[in-house]
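What follows is the content of structure.txt (compact mmCIF, N, CA and C atoms).
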```txt
# COMPACT_ATOMS: atom_id res chain seq x y z
N MET A 1 -9.10 -24.04 120.33
CA MET A 1 -9.13 -22.78 119.64
C MET A 1 -8.89 -23.04 118.16
N LYS A 2 -9.66 -22.38 117.30
CA LYS A 2 -9.51 -22.53 115.85
C LYS A 2 -8.51 -21.51 115.33
N VAL A 3 -7.54 -21.98 114.50
CA VAL A 3 -6.54 -21.11 113.87
C VAL A 3 -6.39 -21.55 112.41
N TYR A 4 -5.67 -20.74 111.65
CA TYR A 4 -5.46 -21.02 110.23
C TYR A 4 -3.99 -20.95 109.90
N LYS A 5 -3.55 -21.84 109.01
CA LYS A 5 -2.15 -21.88 108.60
C LYS A 5 -2.09 -22.03 107.08
N LYS A 6 -1.25 -21.21 106.45
CA LYS A 6 -1.06 -21.33 105.00
C LYS A 6 0.03 -22.35 104.76
N VAL A 7 -0.22 -23.27 103.81
CA VAL A 7 0.69 -24.38 103.56
C VAL A 7 0.92 -24.57 102.07
N ARG A 8 1.94 -25.36 101.74
CA ARG A 8 2.26 -25.69 100.35
C ARG A 8 1.68 -27.06 100.02
N ILE A 9 1.17 -27.22 98.80
CA ILE A 9 0.77 -28.54 98.29
C ILE A 9 1.88 -28.97 97.34
N LEU A 10 2.51 -30.10 97.61
CA LEU A 10 3.56 -30.59 96.73
C LEU A 10 3.04 -31.68 95.81
N LYS A 11 3.85 -32.03 94.84
CA LYS A 11 3.45 -33.02 93.82
C LYS A 11 3.10 -34.37 94.42
N ASP A 12 3.63 -34.66 95.61
CA ASP A 12 3.31 -35.94 96.26
C ASP A 12 1.90 -35.93 96.88
N GLY A 13 1.21 -34.77 96.78
CA GLY A 13 -0.16 -34.66 97.29
C GLY A 13 -0.25 -34.31 98.76
N ASN A 14 0.90 -34.15 99.42
CA ASN A 14 0.90 -33.80 100.84
C ASN A 14 1.00 -32.29 101.03
N TYR A 15 0.73 -31.86 102.25
CA TYR A 15 0.73 -30.45 102.62
C TYR A 15 1.91 -30.21 103.56
N TYR A 16 2.67 -29.13 103.29
CA TYR A 16 3.90 -28.85 104.02
C TYR A 16 3.96 -27.38 104.45
N PRO A 17 4.75 -27.08 105.50
CA PRO A 17 4.95 -25.68 105.90
C PRO A 17 5.58 -24.88 104.77
N LEU A 18 5.36 -23.57 104.79
CA LEU A 18 5.91 -22.69 103.76
C LEU A 18 7.41 -22.51 103.87
N PHE A 19 7.93 -22.25 105.08
CA PHE A 19 9.32 -21.84 105.19
C PHE A 19 10.13 -22.59 106.26
N ILE A 20 9.59 -22.75 107.45
CA ILE A 20 10.33 -23.34 108.57
C ILE A 20 10.03 -24.83 108.64
N ASP A 21 11.08 -25.67 108.72
CA ASP A 21 10.92 -27.13 108.78
C ASP A 21 10.01 -27.60 107.64
N LYS A 22 10.29 -27.12 106.44
CA LYS A 22 9.38 -27.27 105.30
C LYS A 22 9.32 -28.64 104.66
N LYS A 23 10.07 -29.62 105.18
CA LYS A 23 10.01 -30.98 104.62
C LYS A 23 9.16 -31.92 105.47
N LYS A 24 8.54 -31.38 106.52
CA LYS A 24 7.74 -32.20 107.43
C LYS A 24 6.26 -32.08 107.04
N PRO A 25 5.65 -33.15 106.51
CA PRO A 25 4.25 -33.05 106.09
C PRO A 25 3.29 -32.94 107.27
N PHE A 26 2.17 -32.28 107.02
CA PHE A 26 1.12 -32.18 108.03
C PHE A 26 0.32 -33.47 108.05
N LYS A 27 -0.10 -33.87 109.25
CA LYS A 27 -0.91 -35.07 109.44
C LYS A 27 -2.29 -34.62 109.91
N PHE A 28 -3.26 -34.72 109.03
CA PHE A 28 -4.61 -34.25 109.36
C PHE A 28 -5.24 -35.14 110.42
N GLY A 29 -5.90 -34.49 111.38
CA GLY A 29 -6.58 -35.19 112.45
C GLY A 29 -5.67 -35.62 113.59
N GLU A 30 -4.37 -35.27 113.53
CA GLU A 30 -3.43 -35.63 114.58
C GLU A 30 -2.80 -34.37 115.19
N TRP A 31 -2.59 -34.39 116.50
CA TRP A 31 -1.91 -33.28 117.15
C TRP A 31 -0.43 -33.32 116.77
N MET A 32 0.09 -32.15 116.39
CA MET A 32 1.50 -32.03 116.01
C MET A 32 2.15 -30.97 116.88
N LYS A 33 3.20 -31.35 117.59
CA LYS A 33 3.93 -30.42 118.46
C LYS A 33 4.93 -29.65 117.62
N ALA A 34 4.99 -28.35 117.82
CA ALA A 34 5.97 -27.52 117.12
C ALA A 34 7.37 -27.82 117.65
N GLU A 35 8.34 -27.68 116.78
CA GLU A 35 9.73 -27.82 117.15
C GLU A 35 10.41 -26.48 116.89
N PHE A 36 11.47 -26.21 117.60
CA PHE A 36 12.21 -24.95 117.43
C PHE A 36 13.30 -25.17 116.38
N HIS A 37 13.15 -24.50 115.24
CA HIS A 37 14.10 -24.61 114.14
C HIS A 37 14.54 -23.23 113.70
N PRO A 38 15.60 -22.66 114.30
CA PRO A 38 16.10 -21.38 113.81
C PRO A 38 16.47 -21.52 112.33
N THR A 39 16.01 -20.57 111.51
CA THR A 39 16.20 -20.64 110.07
C THR A 39 16.76 -19.32 109.57
N PRO A 40 17.88 -19.36 108.82
CA PRO A 40 18.45 -18.11 108.30
C PRO A 40 17.41 -17.30 107.53
N GLY A 41 17.40 -15.99 107.80
CA GLY A 41 16.46 -15.10 107.13
C GLY A 41 15.14 -14.91 107.86
N PHE A 42 14.92 -15.65 108.93
CA PHE A 42 13.67 -15.56 109.68
C PHE A 42 13.99 -15.31 111.15
N ALA A 43 13.18 -14.47 111.79
CA ALA A 43 13.36 -14.19 113.22
C ALA A 43 13.15 -15.48 114.01
N PRO A 44 14.08 -15.84 114.90
CA PRO A 44 13.91 -17.06 115.70
C PRO A 44 12.90 -16.81 116.82
N ARG A 45 11.68 -17.25 116.62
CA ARG A 45 10.62 -17.01 117.61
C ARG A 45 10.31 -18.29 118.37
N SER A 46 10.23 -18.16 119.67
CA SER A 46 9.83 -19.30 120.49
C SER A 46 8.76 -18.83 121.48
N ILE A 47 8.11 -19.79 122.08
CA ILE A 47 7.06 -19.49 123.05
C ILE A 47 7.62 -19.43 124.46
N GLY A 48 8.87 -19.73 124.61
CA GLY A 48 9.51 -19.75 125.92
C GLY A 48 10.48 -20.90 126.00
N GLN A 49 10.75 -21.35 127.21
CA GLN A 49 11.68 -22.45 127.42
C GLN A 49 11.03 -23.54 128.25
N ASP A 50 11.46 -24.78 127.99
CA ASP A 50 10.96 -25.89 128.79
C ASP A 50 11.77 -26.00 130.09
N ALA A 51 11.50 -27.01 130.90
CA ALA A 51 12.17 -27.18 132.20
C ALA A 51 13.68 -27.37 132.07
N ASP A 52 14.13 -27.84 130.91
CA ASP A 52 15.57 -28.04 130.67
C ASP A 52 16.25 -26.84 130.04
N GLY A 53 15.50 -25.77 129.82
CA GLY A 53 16.07 -24.57 129.22
C GLY A 53 16.09 -24.56 127.70
N ASN A 54 15.44 -25.54 127.07
CA ASN A 54 15.36 -25.59 125.61
C ASN A 54 14.23 -24.69 125.11
N GLU A 55 14.45 -24.03 123.99
CA GLU A 55 13.42 -23.17 123.41
C GLU A 55 12.23 -24.02 122.96
N ILE A 56 11.02 -23.50 123.18
CA ILE A 56 9.80 -24.16 122.75
C ILE A 56 9.37 -23.51 121.44
N GLY A 57 9.30 -24.30 120.40
CA GLY A 57 8.90 -23.78 119.09
C GLY A 57 7.41 -23.49 119.04
N GLY A 58 7.00 -22.83 117.98
CA GLY A 58 5.59 -22.52 117.80
C GLY A 58 5.21 -22.53 116.33
N TRP A 59 4.05 -23.07 116.03
CA TRP A 59 3.52 -23.02 114.68
C TRP A 59 3.04 -21.60 114.42
N HIS A 60 3.43 -21.01 113.31
CA HIS A 60 2.95 -19.68 112.92
C HIS A 60 1.55 -19.84 112.34
N CYS A 61 0.57 -19.23 112.97
CA CYS A 61 -0.82 -19.34 112.56
C CYS A 61 -1.46 -17.95 112.53
N CYS A 62 -2.67 -17.91 111.98
CA CYS A 62 -3.44 -16.66 111.92
C CYS A 62 -4.81 -16.90 112.56
N PHE A 63 -5.41 -15.82 113.02
CA PHE A 63 -6.76 -15.90 113.58
C PHE A 63 -7.80 -16.05 112.48
N ASN A 64 -7.47 -15.56 111.29
CA ASN A 64 -8.33 -15.65 110.11
C ASN A 64 -7.46 -16.04 108.93
N PRO A 65 -8.03 -16.68 107.90
CA PRO A 65 -7.22 -17.09 106.75
C PRO A 65 -6.91 -15.90 105.83
N ILE A 66 -6.10 -14.98 106.33
CA ILE A 66 -5.75 -13.77 105.59
C ILE A 66 -4.25 -13.49 105.78
N ALA A 67 -3.52 -13.48 104.67
CA ALA A 67 -2.10 -13.10 104.67
C ALA A 67 -1.79 -12.57 103.26
N PRO A 68 -2.19 -11.31 102.97
CA PRO A 68 -2.06 -10.77 101.62
C PRO A 68 -0.63 -10.77 101.08
N HIS A 69 0.36 -10.80 101.93
CA HIS A 69 1.76 -10.74 101.50
C HIS A 69 2.30 -12.10 101.05
N ILE A 70 1.53 -13.17 101.20
CA ILE A 70 1.98 -14.51 100.80
C ILE A 70 1.14 -14.97 99.60
N ALA A 71 1.82 -15.23 98.50
CA ALA A 71 1.15 -15.61 97.25
C ALA A 71 0.48 -16.98 97.38
N ASP A 72 -0.62 -17.17 96.63
CA ASP A 72 -1.31 -18.46 96.59
C ASP A 72 -0.70 -19.40 95.57
N LYS A 73 -0.15 -18.85 94.49
CA LYS A 73 0.44 -19.68 93.44
C LYS A 73 1.72 -19.01 92.97
N LEU A 74 2.80 -19.80 92.90
CA LEU A 74 4.08 -19.29 92.48
C LEU A 74 4.34 -19.58 91.01
N LYS A 75 5.27 -18.86 90.41
CA LYS A 75 5.63 -19.08 89.01
C LYS A 75 6.10 -20.52 88.78
N SER A 76 6.67 -21.13 89.80
CA SER A 76 7.15 -22.51 89.71
C SER A 76 6.00 -23.51 89.60
N GLY A 77 4.77 -23.03 89.86
CA GLY A 77 3.61 -23.91 89.86
C GLY A 77 3.20 -24.35 91.26
N GLU A 78 4.03 -24.01 92.26
CA GLU A 78 3.69 -24.37 93.63
C GLU A 78 2.38 -23.71 94.02
N GLN A 79 1.48 -24.49 94.59
CA GLN A 79 0.18 -24.01 95.04
C GLN A 79 0.16 -23.95 96.56
N ARG A 80 -0.46 -22.91 97.09
CA ARG A 80 -0.58 -22.75 98.54
C ARG A 80 -2.04 -22.59 98.90
N VAL A 81 -2.42 -23.19 100.02
CA VAL A 81 -3.80 -23.11 100.50
C VAL A 81 -3.78 -22.92 102.02
N TRP A 82 -4.92 -22.55 102.54
CA TRP A 82 -5.09 -22.44 103.99
C TRP A 82 -5.61 -23.76 104.52
N ILE A 83 -5.15 -24.12 105.72
CA ILE A 83 -5.76 -25.23 106.44
C ILE A 83 -6.31 -24.69 107.76
N GLU A 84 -7.42 -25.24 108.15
CA GLU A 84 -8.03 -24.90 109.43
C GLU A 84 -7.52 -25.90 110.45
N CYS A 85 -7.09 -25.40 111.60
CA CYS A 85 -6.50 -26.25 112.63
C CYS A 85 -7.12 -25.95 114.00
N GLU A 86 -7.04 -26.92 114.86
CA GLU A 86 -7.28 -26.71 116.28
C GLU A 86 -5.93 -26.42 116.91
N ALA A 87 -5.89 -25.58 117.93
CA ALA A 87 -4.64 -25.22 118.59
C ALA A 87 -4.80 -25.43 120.10
N LYS A 88 -3.68 -25.84 120.72
CA LYS A 88 -3.67 -25.98 122.18
C LYS A 88 -2.25 -25.78 122.68
N GLY A 89 -2.11 -25.73 123.99
CA GLY A 89 -0.80 -25.55 124.60
C GLY A 89 -0.45 -24.09 124.74
N LYS A 90 0.84 -23.81 124.86
CA LYS A 90 1.31 -22.43 125.00
C LYS A 90 1.05 -21.67 123.70
N MET A 91 0.72 -20.40 123.85
CA MET A 91 0.46 -19.54 122.69
C MET A 91 1.02 -18.15 122.95
N GLN A 92 1.41 -17.50 121.87
CA GLN A 92 1.91 -16.13 121.97
C GLN A 92 1.45 -15.35 120.74
N LYS A 93 0.86 -14.19 120.99
CA LYS A 93 0.34 -13.35 119.91
C LYS A 93 1.41 -12.34 119.48
N TYR A 94 1.49 -12.11 118.16
CA TYR A 94 2.37 -11.09 117.59
C TYR A 94 1.53 -10.14 116.75
N ASP A 95 1.57 -8.87 117.07
CA ASP A 95 0.86 -7.89 116.25
C ASP A 95 1.67 -7.63 114.99
N ARG A 96 1.02 -7.72 113.84
CA ARG A 96 1.64 -7.50 112.55
C ARG A 96 0.82 -6.46 111.79
N PRO A 97 1.40 -5.84 110.76
CA PRO A 97 0.64 -4.87 109.97
C PRO A 97 -0.53 -5.55 109.24
N GLU A 98 -1.55 -4.78 108.94
CA GLU A 98 -2.70 -5.32 108.20
C GLU A 98 -2.27 -5.91 106.86
N SER A 99 -1.20 -5.36 106.25
CA SER A 99 -0.71 -5.89 104.97
C SER A 99 -0.17 -7.31 105.12
N GLN A 100 0.05 -7.75 106.36
CA GLN A 100 0.49 -9.11 106.65
C GLN A 100 -0.59 -9.91 107.38
N GLY A 101 -1.82 -9.44 107.28
CA GLY A 101 -2.94 -10.17 107.87
C GLY A 101 -3.29 -9.80 109.28
N GLY A 102 -2.62 -8.79 109.84
CA GLY A 102 -2.90 -8.41 111.22
C GLY A 102 -2.14 -9.30 112.19
N ALA A 103 -2.73 -9.64 113.30
CA ALA A 103 -2.04 -10.42 114.34
C ALA A 103 -1.75 -11.85 113.89
N TRP A 104 -0.58 -12.34 114.28
CA TRP A 104 -0.21 -13.74 114.11
C TRP A 104 -0.20 -14.39 115.48
N LEU A 105 -0.17 -15.69 115.48
CA LEU A 105 -0.15 -16.44 116.72
C LEU A 105 0.86 -17.56 116.59
N LEU A 106 1.70 -17.72 117.59
CA LEU A 106 2.56 -18.90 117.69
C LEU A 106 1.85 -19.86 118.64
N VAL A 107 1.69 -21.12 118.21
CA VAL A 107 1.02 -22.11 119.06
C VAL A 107 1.89 -23.35 119.18
N GLU A 108 1.84 -23.96 120.35
CA GLU A 108 2.68 -25.12 120.64
C GLU A 108 2.21 -26.37 119.90
N TYR A 109 0.90 -26.59 119.84
CA TYR A 109 0.34 -27.76 119.17
C TYR A 109 -0.74 -27.33 118.19
N ILE A 110 -0.76 -27.97 117.01
CA ILE A 110 -1.89 -27.81 116.10
C ILE A 110 -2.37 -29.19 115.66
N LYS A 111 -3.66 -29.25 115.35
CA LYS A 111 -4.24 -30.44 114.74
C LYS A 111 -4.91 -29.98 113.45
N PRO A 112 -4.25 -30.22 112.28
CA PRO A 112 -4.88 -29.84 111.01
C PRO A 112 -6.20 -30.59 110.84
N MET A 113 -7.25 -29.84 110.51
CA MET A 113 -8.59 -30.43 110.43
C MET A 113 -9.14 -30.49 109.01
N ARG A 114 -8.98 -29.38 108.26
CA ARG A 114 -9.52 -29.39 106.90
C ARG A 114 -8.81 -28.35 106.05
N ILE A 115 -8.93 -28.54 104.75
CA ILE A 115 -8.32 -27.65 103.77
C ILE A 115 -9.37 -26.67 103.29
N LEU A 116 -8.99 -25.41 103.19
CA LEU A 116 -9.88 -24.39 102.62
C LEU A 116 -9.45 -24.17 101.17
N TYR A 117 -10.30 -24.53 100.23
CA TYR A 117 -9.95 -24.49 98.82
C TYR A 117 -10.35 -23.21 98.11
N ASP A 118 -10.81 -22.21 98.79
CA ASP A 118 -11.31 -21.00 98.16
C ASP A 118 -10.29 -20.31 97.27
N ASN A 119 -8.99 -20.48 97.53
CA ASN A 119 -8.00 -19.73 96.79
C ASN A 119 -7.34 -20.52 95.65
N ILE A 120 -7.85 -21.70 95.31
CA ILE A 120 -7.26 -22.47 94.20
C ILE A 120 -7.91 -22.04 92.90
```

As C-alpha cells, how would this structure be written, given the file I've shared?
Amino acid sequence: MKVYKKVRILKDGNYYPLFIDKKKPFKFGEWMKAEFHPTPGFAPRSIGQDADGNEIGGWHCCFNPIAPHIADKLKSGEQRVWIECEAKGKMQKYDRPESQGGAWLLVEYIKPMRILYDNI
C-alpha cells in the first residue's frame, strides 16, 4: 500500500521524523518497523499489543501528501518534505479534520521509496 509521510531534512542531508523518535533517520529502500515512543504533548497511539502485551507503535502517515497544518519551512530554516512509502503490517485509520489533511493512518512498517520535492 502506498502512503505518504512528512519529514524533516537536516543539515546532515538525512531525513527524520517531525516529532516522535525524531533522531532516527529514514533508510530509503529498507523496511522500517515502528516503535512505540510515548512523547509528552502527543496522544500515545498504538496499533495494539504484541503477544507479550507490549504496545505496537505505528508510523503516522497520510493517504495523500496533504497536511495543511504542518509548515514546509520553519523560521529556523528547517525544511520539510513529503516522502512516498510502501506500508505493510498492522494498520489503523484515524479520521481527522480536513484542515489536518483528512484521515491519517498508523502503519506498523514503512519502506521510504522517494522524496516529493514539490514543496521546496

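Across A:Arg114, A:His69, A:Ala51, A:Leu105, the tightest approach to Glu86 (chain A) is made by A:Arg114 when counting all atoms listed in the file.
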
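Nearest-residue note for Leu10 (chain A): choosing from A:Gly41, A:Gly77, A:Gly48, A:Gly58, the minimum distance belongs to A:Gly77, counting only C-alpha atoms.
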
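From atom N of Lys111 (chain A) back to atom C of Val7 (chain A), the distance works out to 14.8 Å.
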
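Distances to Val81 (chain A) were evaluated for A:Lys24, A:Arg8, A:Asn14, A:Lys33 using only C-alpha atoms, and the minimum falls at A:Arg8.
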
Please identify all polymer residues within 7 Å of Val3 (chain A), counting all atoms listed in the file, omitting same-chain residues fewer than 2 positions from it, and present them as a compact mmCIF listing (two decimals) with N, CA and C atoms, keeping the file's coordinate frame.
```txt
# COMPACT_ATOMS: atom_id res chain seq x y z
N MET A 1 -9.10 -24.04 120.33
CA MET A 1 -9.13 -22.78 119.64
C MET A 1 -8.89 -23.04 118.16
N LYS A 5 -3.55 -21.84 109.01
CA LYS A 5 -2.15 -21.88 108.60
C LYS A 5 -2.09 -22.03 107.08
N CYS A 61 0.57 -19.23 112.97
CA CYS A 61 -0.82 -19.34 112.56
C CYS A 61 -1.46 -17.95 112.53
N CYS A 62 -2.67 -17.91 111.98
CA CYS A 62 -3.44 -16.66 111.92
C CYS A 62 -4.81 -16.90 112.56
N PHE A 63 -5.41 -15.82 113.02
CA PHE A 63 -6.76 -15.90 113.58
C PHE A 63 -7.80 -16.05 112.48
N ASN A 64 -7.47 -15.56 111.29
CA ASN A 64 -8.33 -15.65 110.11
C ASN A 64 -7.46 -16.04 108.93
N PRO A 65 -8.03 -16.68 107.90
CA PRO A 65 -7.22 -17.09 106.75
C PRO A 65 -6.91 -15.90 105.83
N ILE A 83 -5.15 -24.12 105.72
CA ILE A 83 -5.76 -25.23 106.44
C ILE A 83 -6.31 -24.69 107.76
N GLU A 84 -7.42 -25.24 108.15
CA GLU A 84 -8.03 -24.90 109.43
C GLU A 84 -7.52 -25.90 110.45
N CYS A 85 -7.09 -25.40 111.60
CA CYS A 85 -6.50 -26.25 112.63
C CYS A 85 -7.12 -25.95 114.00
N GLU A 86 -7.04 -26.92 114.86
CA GLU A 86 -7.28 -26.71 116.28
C GLU A 86 -5.93 -26.42 116.91
N ALA A 87 -5.89 -25.58 117.93
CA ALA A 87 -4.64 -25.22 118.59
C ALA A 87 -4.80 -25.43 120.10
```

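If you measure from each of A:Asp95, A:Glu78, A:Asp21, A:Glu108 to Ile56 (chain A) using all atoms listed in the file, the closest one turns out to be A:Glu108.
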
(message) Taking only chain A into account, list the residues labelled strand (DSSP E) by DSSP (computed from the backbone), as an NGL selection string.
(response) :A and (2-9 or 15-17 or 32-33 or 48-49 or 55-56 or 59-62 or 79-94 or 104-116)

Same residues, N, CA and C atoms, output as a CSV table (one decimal), keeping the file's coordinate frame:
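Saved as again_36.csv:
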```
chain,number,residue,atom,x,y,z
A,2,LYS,N,-9.7,-22.4,117.3
A,2,LYS,CA,-9.5,-22.5,115.8
A,2,LYS,C,-8.5,-21.5,115.3
A,3,VAL,N,-7.5,-22.0,114.5
A,3,VAL,CA,-6.5,-21.1,113.9
A,3,VAL,C,-6.4,-21.6,112.4
A,4,TYR,N,-5.7,-20.7,111.6
A,4,TYR,CA,-5.5,-21.0,110.2
A,4,TYR,C,-4.0,-21.0,109.9
A,5,LYS,N,-3.6,-21.8,109.0
A,5,LYS,CA,-2.2,-21.9,108.6
A,5,LYS,C,-2.1,-22.0,107.1
A,6,LYS,N,-1.2,-21.2,106.4
A,6,LYS,CA,-1.1,-21.3,105.0
A,6,LYS,C,0.0,-22.4,104.8
A,7,VAL,N,-0.2,-23.3,103.8
A,7,VAL,CA,0.7,-24.4,103.6
A,7,VAL,C,0.9,-24.6,102.1
A,8,ARG,N,1.9,-25.4,101.7
A,8,ARG,CA,2.3,-25.7,100.4
A,8,ARG,C,1.7,-27.1,100.0
A,9,ILE,N,1.2,-27.2,98.8
A,9,ILE,CA,0.8,-28.5,98.3
A,9,ILE,C,1.9,-29.0,97.3
A,15,TYR,N,0.7,-31.9,102.2
A,15,TYR,CA,0.7,-30.4,102.6
A,15,TYR,C,1.9,-30.2,103.6
A,16,TYR,N,2.7,-29.1,103.3
A,16,TYR,CA,3.9,-28.8,104.0
A,16,TYR,C,4.0,-27.4,104.4
A,17,PRO,N,4.8,-27.1,105.5
A,17,PRO,CA,5.0,-25.7,105.9
A,17,PRO,C,5.6,-24.9,104.8
A,32,MET,N,0.1,-32.2,116.4
A,32,MET,CA,1.5,-32.0,116.0
A,32,MET,C,2.2,-31.0,116.9
A,33,LYS,N,3.2,-31.4,117.6
A,33,LYS,CA,3.9,-30.4,118.5
A,33,LYS,C,4.9,-29.6,117.6
A,48,GLY,N,8.9,-19.7,124.6
A,48,GLY,CA,9.5,-19.8,125.9
A,48,GLY,C,10.5,-20.9,126.0
A,49,GLN,N,10.8,-21.4,127.2
A,49,GLN,CA,11.7,-22.4,127.4
A,49,GLN,C,11.0,-23.5,128.2
A,55,GLU,N,14.4,-24.0,124.0
A,55,GLU,CA,13.4,-23.2,123.4
A,55,GLU,C,12.2,-24.0,123.0
A,56,ILE,N,11.0,-23.5,123.2
A,56,ILE,CA,9.8,-24.2,122.8
A,56,ILE,C,9.4,-23.5,121.4
A,59,TRP,N,4.0,-23.1,116.0
A,59,TRP,CA,3.5,-23.0,114.7
A,59,TRP,C,3.0,-21.6,114.4
A,60,HIS,N,3.4,-21.0,113.3
A,60,HIS,CA,3.0,-19.7,112.9
A,60,HIS,C,1.6,-19.8,112.3
A,61,CYS,N,0.6,-19.2,113.0
A,61,CYS,CA,-0.8,-19.3,112.6
A,61,CYS,C,-1.5,-18.0,112.5
A,62,CYS,N,-2.7,-17.9,112.0
A,62,CYS,CA,-3.4,-16.7,111.9
A,62,CYS,C,-4.8,-16.9,112.6
A,79,GLN,N,1.5,-24.5,94.6
A,79,GLN,CA,0.2,-24.0,95.0
A,79,GLN,C,0.2,-24.0,96.6
A,80,ARG,N,-0.5,-22.9,97.1
A,80,ARG,CA,-0.6,-22.8,98.5
A,80,ARG,C,-2.0,-22.6,98.9
A,81,VAL,N,-2.4,-23.2,100.0
A,81,VAL,CA,-3.8,-23.1,100.5
A,81,VAL,C,-3.8,-22.9,102.0
A,82,TRP,N,-4.9,-22.6,102.5
A,82,TRP,CA,-5.1,-22.4,104.0
A,82,TRP,C,-5.6,-23.8,104.5
A,83,ILE,N,-5.2,-24.1,105.7
A,83,ILE,CA,-5.8,-25.2,106.4
A,83,ILE,C,-6.3,-24.7,107.8
A,84,GLU,N,-7.4,-25.2,108.2
A,84,GLU,CA,-8.0,-24.9,109.4
A,84,GLU,C,-7.5,-25.9,110.4
A,85,CYS,N,-7.1,-25.4,111.6
A,85,CYS,CA,-6.5,-26.2,112.6
A,85,CYS,C,-7.1,-26.0,114.0
A,86,GLU,N,-7.0,-26.9,114.9
A,86,GLU,CA,-7.3,-26.7,116.3
A,86,GLU,C,-5.9,-26.4,116.9
A,87,ALA,N,-5.9,-25.6,117.9
A,87,ALA,CA,-4.6,-25.2,118.6
A,87,ALA,C,-4.8,-25.4,120.1
A,88,LYS,N,-3.7,-25.8,120.7
A,88,LYS,CA,-3.7,-26.0,122.2
A,88,LYS,C,-2.2,-25.8,122.7
A,89,GLY,N,-2.1,-25.7,124.0
A,89,GLY,CA,-0.8,-25.6,124.6
A,89,GLY,C,-0.4,-24.1,124.7
A,90,LYS,N,0.8,-23.8,124.9
A,90,LYS,CA,1.3,-22.4,125.0
A,90,LYS,C,1.0,-21.7,123.7
A,91,MET,N,0.7,-20.4,123.8
A,91,MET,CA,0.5,-19.5,122.7
A,91,MET,C,1.0,-18.2,123.0
A,92,GLN,N,1.4,-17.5,121.9
A,92,GLN,CA,1.9,-16.1,122.0
A,92,GLN,C,1.4,-15.4,120.7
A,93,LYS,N,0.9,-14.2,121.0
A,93,LYS,CA,0.3,-13.4,119.9
A,93,LYS,C,1.4,-12.3,119.5
A,94,TYR,N,1.5,-12.1,118.2
A,94,TYR,CA,2.4,-11.1,117.6
A,94,TYR,C,1.5,-10.1,116.8
A,104,TRP,N,-0.6,-12.3,114.3
A,104,TRP,CA,-0.2,-13.7,114.1
A,104,TRP,C,-0.2,-14.4,115.5
A,105,LEU,N,-0.2,-15.7,115.5
A,105,LEU,CA,-0.2,-16.4,116.7
A,105,LEU,C,0.9,-17.6,116.6
A,106,LEU,N,1.7,-17.7,117.6
A,106,LEU,CA,2.6,-18.9,117.7
A,106,LEU,C,1.8,-19.9,118.6
A,107,VAL,N,1.7,-21.1,118.2
A,107,VAL,CA,1.0,-22.1,119.1
A,107,VAL,C,1.9,-23.4,119.2
A,108,GLU,N,1.8,-24.0,120.4
A,108,GLU,CA,2.7,-25.1,120.6
A,108,GLU,C,2.2,-26.4,119.9
A,109,TYR,N,0.9,-26.6,119.8
A,109,TYR,CA,0.3,-27.8,119.2
A,109,TYR,C,-0.7,-27.3,118.2
A,110,ILE,N,-0.8,-28.0,117.0
A,110,ILE,CA,-1.9,-27.8,116.1
A,110,ILE,C,-2.4,-29.2,115.7
A,111,LYS,N,-3.7,-29.2,115.4
A,111,LYS,CA,-4.2,-30.4,114.7
A,111,LYS,C,-4.9,-30.0,113.4
A,112,PRO,N,-4.2,-30.2,112.3
A,112,PRO,CA,-4.9,-29.8,111.0
A,112,PRO,C,-6.2,-30.6,110.8
A,113,MET,N,-7.2,-29.8,110.5
A,113,MET,CA,-8.6,-30.4,110.4
A,113,MET,C,-9.1,-30.5,109.0
A,114,ARG,N,-9.0,-29.4,108.3
A,114,ARG,CA,-9.5,-29.4,106.9
A,114,ARG,C,-8.8,-28.4,106.0
A,115,ILE,N,-8.9,-28.5,104.8
A,115,ILE,CA,-8.3,-27.6,103.8
A,115,ILE,C,-9.4,-26.7,103.3
A,116,LEU,N,-9.0,-25.4,103.2
A,116,LEU,CA,-9.9,-24.4,102.6
A,116,LEU,C,-9.4,-24.2,101.2
```

(request) Tell me, in Å to one decimal, how far CA of Leu18 (chain A) is from CA of Ile70 (chain A). (result) 9.5 Å

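Among the candidates A:Val107, A:Ile20, A:Ala71, A:Ala34, the one nearest to Lys88 (chain A) when counting only C-alpha atoms is A:Val107.
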
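By chain and then residue number, the residues within 6.5 Å of Phe26 (chain A) are Asn14, Tyr15, Tyr16 and Pro17 of chain A, counting all atoms listed in the file and disregarding those fewer than 4 positions away in sequence.
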
Export of prior selection with N, CA and C atoms as a short mmCIF file (atom, residue, chain, number, x, y, z; two decimals), in the frame of the given file:
```cif
data_model
loop_
_atom_site.label_atom_id
_atom_site.label_comp_id
_atom_site.auth_asym_id
_atom_site.auth_seq_id
_atom_site.Cartn_x
_atom_site.Cartn_y
_atom_site.Cartn_z
N ASN A 14 0.90 -34.15 99.42
CA ASN A 14 0.90 -33.80 100.84
C ASN A 14 1.00 -32.29 101.03
N TYR A 15 0.73 -31.86 102.25
CA TYR A 15 0.73 -30.45 102.62
C TYR A 15 1.91 -30.21 103.56
N TYR A 16 2.67 -29.13 103.29
CA TYR A 16 3.90 -28.85 104.02
C TYR A 16 3.96 -27.38 104.45
N PRO A 17 4.75 -27.08 105.50
CA PRO A 17 4.95 -25.68 105.90
C PRO A 17 5.58 -24.88 104.77
#
```

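With only C-alpha atoms as the basis for measurement, A:Phe19 is the residue among A:Phe19, A:Arg80, A:Arg96, A:Ile110 that approaches Pro38 (chain A) most closely.
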
Determine the axis-aligned bounding box of all atoms of region 46-55 of chain A present in the file, pad each side by 6 Å, and express its centre and edge lengths in Å to one decimal place as JSON.
```
{"center_x": 11.7, "center_y": -23.1, "center_z": 125.9, "size_x": 21.2, "size_y": 21.9, "size_z": 24.5}
```

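Interatomic distance, atom C of Gly53 (chain A) against CA of Pro40 (chain A): 20.6 Å.
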